[in-house]
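Participant: Starting off with a structure, shown below.
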Amino acid sequence: MKDRIFKITLFLAALLILIIGGGMIYSLTTGAMPAFKEYGFFSFIFSSEWNYTAGSERYGALAFIVGTLLTSFLALAICIVFSIPVSIFTGEYFKGTKVASVLETMIDLLAGIPSIVYGLWGFYMLRPVIMNLGLSKQGFGVLTASIVLAIMIIPYAASLSSQFIKMTPVDLKEGAYSLGATRKEMVTKIVFPTVLPGVISSFILALGRALGETMAVTMLIGNTNTIPLSLGDTGNTMASIIANQFGEASDNRLAVLIAIALLLFIITLITNSIGRMLIRNMKPR
Amino acid sequence: MKTIQEPVLKLKNLSISYSPNEYAVRDVSADITRNTITAIMGPSGCGKSTLLRAINNMHALHEGIKMTGDIILNGRNILQMNPIDVRTQAGMVFQRPNPFPTMSIYDNVIAGYLLKGIKLKRAERDRIVEENLRNVGLWDEVSDVLHKKGTFLSGGQQQRLCIARTLALKPNLLLMDEPTSALDPIATLRIEELLVQLKEQVTIIIVTHNMSQASRISDYSMFMYLGELVEYEETSIMFTNPKDKRTEDYLIGKVG
Amino acid sequence: MKLDVSFNKRRLIKDKLFLWFVIVFSVIIALPLVIIIGTVLIKGIKQINLDFFIQTTPTTLEAMMANSIGERVPGGIANGIVGMFLTVIMASLVAIPVGIFCGVYISENRNKRFAGIIRFLSDLLQGTPSIVIGIIAYLWIVIPMGTFSAIAGAVALAIMMLPLIIRSTEETLNLLPVSLKEAALSLGTSYSAMIFKVWLPSAFPGIFTGILLAISRVMGETAPLMLTILGSSYIQWDITKPNTSVSLLIWEFYNDPNLQSMIWSASLFLLAAVLILNITAKTIAKKRSPIF
């Protein structure tokens, strides 16, 4: 009898996750409804107006969708450039050594730094550099935010990719060497094609992380409600506009913010689903 | 007609250790005759694989393995050569077939060129692929699926693919590390027949734990025990009249 | 065979260059860590003293006055520390048991479709942006309660902690040898007793690591708290009222020109707390690795 109750309790705990997930979708959708009703679903997504003078309020999410996608994909590009060498360092060349272990620990710590600290560092240390390089007048903007974002997501991509690289069967490597290949040839032509699906999924998951990042981006992107057109332009992301405007949101605007949150939720949901499903095909994780 | 030539491989006082004073191979000296099959036999831990892997310097990949002595391949000491050159002259086939899973059968055969970035004309590539697949008796079986990945092939077919891949680089020496121990008896026999044909083109050294295999296909046999080369003789002589008691014990099954 | 000497030389040069490329880029990655921690450490250490921990944040006026006469701004982050303590503890009280139970369920019912779905959902929950979770907690708790509160903050943090604890519990349990279970059950132990007295205790290091990591993760969060606890200049023990947290305070300092000097010390505190938890968790995980 006790066991039955226990097993039911376990089931309920699992059910709770389902309820939370479903509840989130429900609440976001109902909360966003007023905004979609008012501005129309598609015109809301594709409009970049953001006018909150009472009486002629018009809102559209386009500027923030663009801001989010721009910063996240730029961050991903930078992330790819750096996490590939790092994962090859720890997964192949220096695999198992003390150096690799230290590097892996350092990268793990990078993942642990709170977002707001990244934002502060970006504000006080990176901004002046960007200003001096003449890339942006005040130092804010897409580029600054993307650079910090990239540093934040590199740990995820690098450690996951590294794990996949470490899993390459020794047989394949020896086969390549026995044909007279150099180490670089073996890594680029045998190891990498083999682990490519896993590496791609790790990048997709890193992208998912970047899409939802709030604080650091809010502090660095410049907070203008326009579509950014170049790297030095300021703008806003879906997450940052919510963070910024939440405090002073009237009912109407609250619905708009919730609508944006719903859009952000859906985008990250899709991205993460794709990433997770790719991994599922690779590892018995 | 066999002309008497320089031995393709000369081992002189070769010793290999994994850590100081722990010798896996002790003071082995032997000359390998061109166009023969030489079998290396012995109980587990006798150093036969270690010896084989020294010949194409696979040990260079692991720090901590020390080799002393000389290994002369085609007149040059491999220990003074760059491993990537050595491995083009001495090819290796492993115990478990290891075709590259991301490459098609076609590409697997010419993998030795692809990996090095050697660009071949289309006609040249086709020729190499067909010639080597025919050489290992795979052509008829795979000629219509050349561009599929090789993972659906049977174990025996995969191993023949690996042999074709190794032969495509035209090595003088083919090193085989228990190449049939993961295969079923029929596949094993096919590969054994193949090796007997191949020795016209290439010298073969095969590590095997299967005595009957050694007696079936090898011209010469080496018996190793605890790192020493105990006996090296023509197979027919060694099997009927072993000179060393340890060899005899192994052959009659007392040991190993 | 076309391997002429110069071709091979080029291959070997490329081989070397590649190695250097890998090394250089890896070193560059290590730099931000050193720079960020170094910056926070150097700038933050100046403001740290006992008062820092026991006094509450100064008002803008107090700070402005102190700045104008060149004195150290008075006050500390005690209100933030208490608030952080309250929200994290409350979140843990919910997330830990629920997370562990859920992890046990998924691990025990590995083959069932439902368990697979829940695991997938948990992974997706983990990837949900923290600000969205903040909105959810706002909709579920703040609005019905009619006020911002530490409870709302705790709910948001609990939702964020759950996936991490579920995952580490499930993964640790999956690695335990079945023979352990069988031994207990064959002695006539009931299922629930086996889980509580044998199975979970064996998984303790992995689960504990997961908990520490989850805590260190939510301690550093700001966005969801902005939408749920609002802020408070006083130490607030009433969990039904608005509260604050160290991360939230850092955000306030950032936005107030008079309180700039407090930014780094508060950041140092937060960073130290988070990283120490992180390192402790990883060390425990490594020490016990024979089991894993």
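Following the order of the structure tokens, first chain is A, next is B, and so on, with residues numbered from 1 inside each chain and ligands from 1 in the order they appear.
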Can you list, as a PyMOL selection string, all residues belonging to range 179-256 of chain B that DSSP tags as helix (DSSP H, G or I)?
Facilitator: chain B and resi 185-198+211-217+235-240+245-251
Participant: Which residues are close to Ser232 in chain C, i.e. within 8 Å by only C-alpha atoms, leaving aside same-chain residues fewer than 3 positions away? Reply as a PyMOL selection string.
Facilitator: chain C and resi 79+235-236+242-244
Participant: With C-alpha atoms retained, could you export that selection as a PDB file, in the first residue's frame?
Facilitator:
```
ATOM      1  CA  ASN C  79      18.667  43.527   2.538  1.00  0.00           C
ATOM      2  CA  ILE C 235      15.465  43.879   5.172  1.00  0.00           C
ATOM      3  CA  GLN C 236      12.191  42.130   4.629  1.00  0.00           C
ATOM      4  CA  PRO C 242       8.219  42.843  -2.007  1.00  0.00           C
ATOM      5  CA  ASN C 243      11.813  41.953  -1.421  1.00  0.00           C
ATOM      6  CA  THR C 244      15.179  42.271  -3.027  1.00  0.00           C
TER       7      THR C 244
END
```
Participant: Could you list, with a cut-off of 6 Å and counting only C-alpha atoms, the residues of chain C near chain A, each shown with its nearest atom pair and the distance in Å rounded to one decimal, rows sorted by chain and ascending number, as JSON lines?
Facilitator:
```
{"residue": "C:Asp15", "atom": "CA", "partner": "A:Lys184", "partner_atom": "CA", "distance": 5.1}
{"residue": "C:Val22", "atom": "CA", "partner": "A:Pro85", "partner_atom": "CA", "distance": 4.6}
{"residue": "C:Ser26", "atom": "CA", "partner": "A:Val86", "partner_atom": "CA", "distance": 4.8}
{"residue": "C:Leu33", "atom": "CA", "partner": "A:Leu110", "partner_atom": "CA", "distance": 5.9}
{"residue": "C:Val98", "atom": "CA", "partner": "A:Ala13", "partner_atom": "CA", "distance": 5.6}
{"residue": "C:Phe101", "atom": "CA", "partner": "A:Leu10", "partner_atom": "CA", "distance": 5.3}
{"residue": "C:Cys102", "atom": "CA", "partner": "A:Ala14", "partner_atom": "CA", "distance": 4.8}
{"residue": "C:Tyr105", "atom": "CA", "partner": "A:Leu10", "partner_atom": "CA", "distance": 5.4}
{"residue": "C:Pro129", "atom": "CA", "partner": "A:Gly212", "partner_atom": "CA", "distance": 4.3}
{"residue": "C:Val132", "atom": "CA", "partner": "A:Ala261", "partner_atom": "CA", "distance": 5.8}
{"residue": "C:Tyr191", "atom": "CA", "partner": "A:Asp3", "partner_atom": "CA", "distance": 5.9}
{"residue": "C:Ser192", "atom": "CA", "partner": "A:Asp3", "partner_atom": "CA", "distance": 5.5}
{"residue": "C:Gly220", "atom": "CA", "partner": "A:Pro114", "partner_atom": "CA", "distance": 4.8}
```
Participant: So that I have them on file, write out the residues from the current selection with N, CA and C atoms, as a compact mmCIF listing (two decimals), in the first residue's frame.
Facilitator:
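See result35.txt below for the written result:
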```txt
# COMPACT_ATOMS: atom_id res chain seq x y z
N ASP C 15 50.07 21.06 -40.74
CA ASP C 15 49.83 20.33 -39.50
C ASP C 15 50.24 21.18 -38.31
N VAL C 22 44.75 26.04 -33.01
CA VAL C 22 43.95 25.48 -31.93
C VAL C 22 44.41 26.03 -30.58
N SER C 26 42.31 28.76 -28.16
CA SER C 26 41.88 28.25 -26.86
C SER C 26 42.36 29.17 -25.74
N LEU C 33 37.71 35.10 -18.85
CA LEU C 33 37.48 34.65 -17.49
C LEU C 33 38.39 35.38 -16.52
N VAL C 98 10.53 17.91 -5.35
CA VAL C 98 9.82 17.64 -6.59
C VAL C 98 10.78 17.18 -7.67
N PHE C 101 12.01 13.57 -6.95
CA PHE C 101 10.94 12.60 -7.21
C PHE C 101 10.73 12.43 -8.71
N CYS C 102 10.71 13.54 -9.39
CA CYS C 102 10.51 13.47 -10.84
C CYS C 102 11.66 12.72 -11.49
N TYR C 105 11.22 9.14 -10.96
CA TYR C 105 10.17 8.60 -11.84
C TYR C 105 10.72 8.34 -13.24
N PRO C 129 13.75 31.04 -21.60
CA PRO C 129 14.39 32.27 -21.11
C PRO C 129 13.91 32.64 -19.72
N VAL C 132 10.94 34.98 -19.41
CA VAL C 132 9.62 34.39 -19.65
C VAL C 132 9.11 33.71 -18.39
N TYR C 191 9.40 -1.34 -2.05
CA TYR C 191 9.93 -0.50 -3.13
C TYR C 191 10.30 0.88 -2.61
N SER C 192 9.38 1.50 -1.87
CA SER C 192 9.66 2.86 -1.42
C SER C 192 10.84 2.89 -0.45
N GLY C 220 22.31 33.81 -9.26
CA GLY C 220 22.80 34.89 -10.08
C GLY C 220 21.73 35.52 -10.96
```
Participant: Considering only C-alpha atoms, return as a ChimeraX atom specification whatever protein or nucleic-acid residues lie within 8 Å of Ile133 in chain C, sequence-local ones (same chain, fewer than 6 positions apart) excluded.
Facilitator: /C:156,159-160,224
Participant: Please determine, counting only C-alpha atoms, which residue among B:Ile16, B:Ala39, B:Val8, B:Ile105 has the shortest atom-to-atom distance to Ser212 in chain B.
Facilitator: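 For Ser212 in chain B, the nearest of the given residues is B:Ala39.
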Participant: Between CA of Leu271 in chain C and CA of Ala66 in chain C, what is the spacing in Å?
Facilitator: 26.5 Å
Participant: Compile the residues of chain A that lie within 8 Å of chain B, evaluated using only C-alpha atoms, and express the compilation as a count of residues only.
Facilitator: 16
Participant: What is the distance between CA of Leu133 in chain B and CA of Arg216 in chain B, in Å to one decimal?
Facilitator: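 Computed distance, CA of Leu133 in chain B to CA of Arg216 in chain B, equals 24.2 Å.
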Participant: Which one is closest to Ser162 in chain A: A:Gly198, A:Gly275, A:Pro228, A:Gly67? Count only C-alpha atoms.
Facilitator: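 When distances to Ser162 in chain A are compared using only C-alpha atoms, the smallest one comes from A:Gly198.
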Participant: Between B:Ile118, B:Arg34, B:Gly69, B:Glu192, which is the closest to chain C once you count only C-alpha atoms?
Facilitator: B:Ile118
Participant: List the neighbours of Val195 in chain A out to 7 Å using only C-alpha atoms; skip same-chain residues closer than 3 positions along the sequence, and give me the result as a list in words.
Facilitator: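 Contacts, in chain order: Phe164, Ile165, Val191, Phe192, Gly198 and Val199 of chain A.
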Participant: Fewer than 4 positions away in the same chain doesn't count, so skip those; otherwise give me all residues within 9 Å of Ser265 in chain C, counting only C-alpha atoms, as a VMD selection string.
Facilitator: chain C and resid 40 to 41 43 to 48 52 261 269 to 270
Participant: Would you save the residues from that selection as a PDB file, in the first residue's frame, using C-alpha atoms?
Facilitator:
```pdb
ATOM      1  CA  VAL C  40      35.408  42.408 -10.226  1.00  0.00           C
ATOM      2  CA  LEU C  41      37.928  41.391  -7.613  1.00  0.00           C
ATOM      3  CA  LYS C  43      37.255  46.980  -8.019  1.00  0.00           C
ATOM      4  CA  GLY C  44      35.051  45.255  -5.530  1.00  0.00           C
ATOM      5  CA  ILE C  45      37.416  44.504  -2.730  1.00  0.00           C
ATOM      6  CA  LYS C  46      37.711  48.152  -1.766  1.00  0.00           C
ATOM      7  CA  GLN C  47      34.171  48.487  -0.551  1.00  0.00           C
ATOM      8  CA  ILE C  48      34.018  45.298   1.439  1.00  0.00           C
ATOM      9  CA  PHE C  52      28.788  45.787   3.894  1.00  0.00           C
ATOM     10  CA  SER C 261      30.689  52.499  -5.996  1.00  0.00           C
ATOM     11  CA  PHE C 269      29.934  39.049  -3.328  1.00  0.00           C
ATOM     12  CA  LEU C 270      27.602  37.544  -5.899  1.00  0.00           C
TER      13      LEU C 270
END
```
Participant: Please list as a list in words every residue within 6 Å of range 232-237 of chain B, counting only C-alpha atoms and excluding residues in the same chain fewer than 4 positions away.
Facilitator: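 Returned residues: Asp219, Tyr220, Ser221, Met222 and Asn241 of chain B.
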Participant: Find the distance between CA of Val25 in chain B and CA of Thr240 in chain B and write it in Å to one decimal.
Facilitator: 26.1 Å
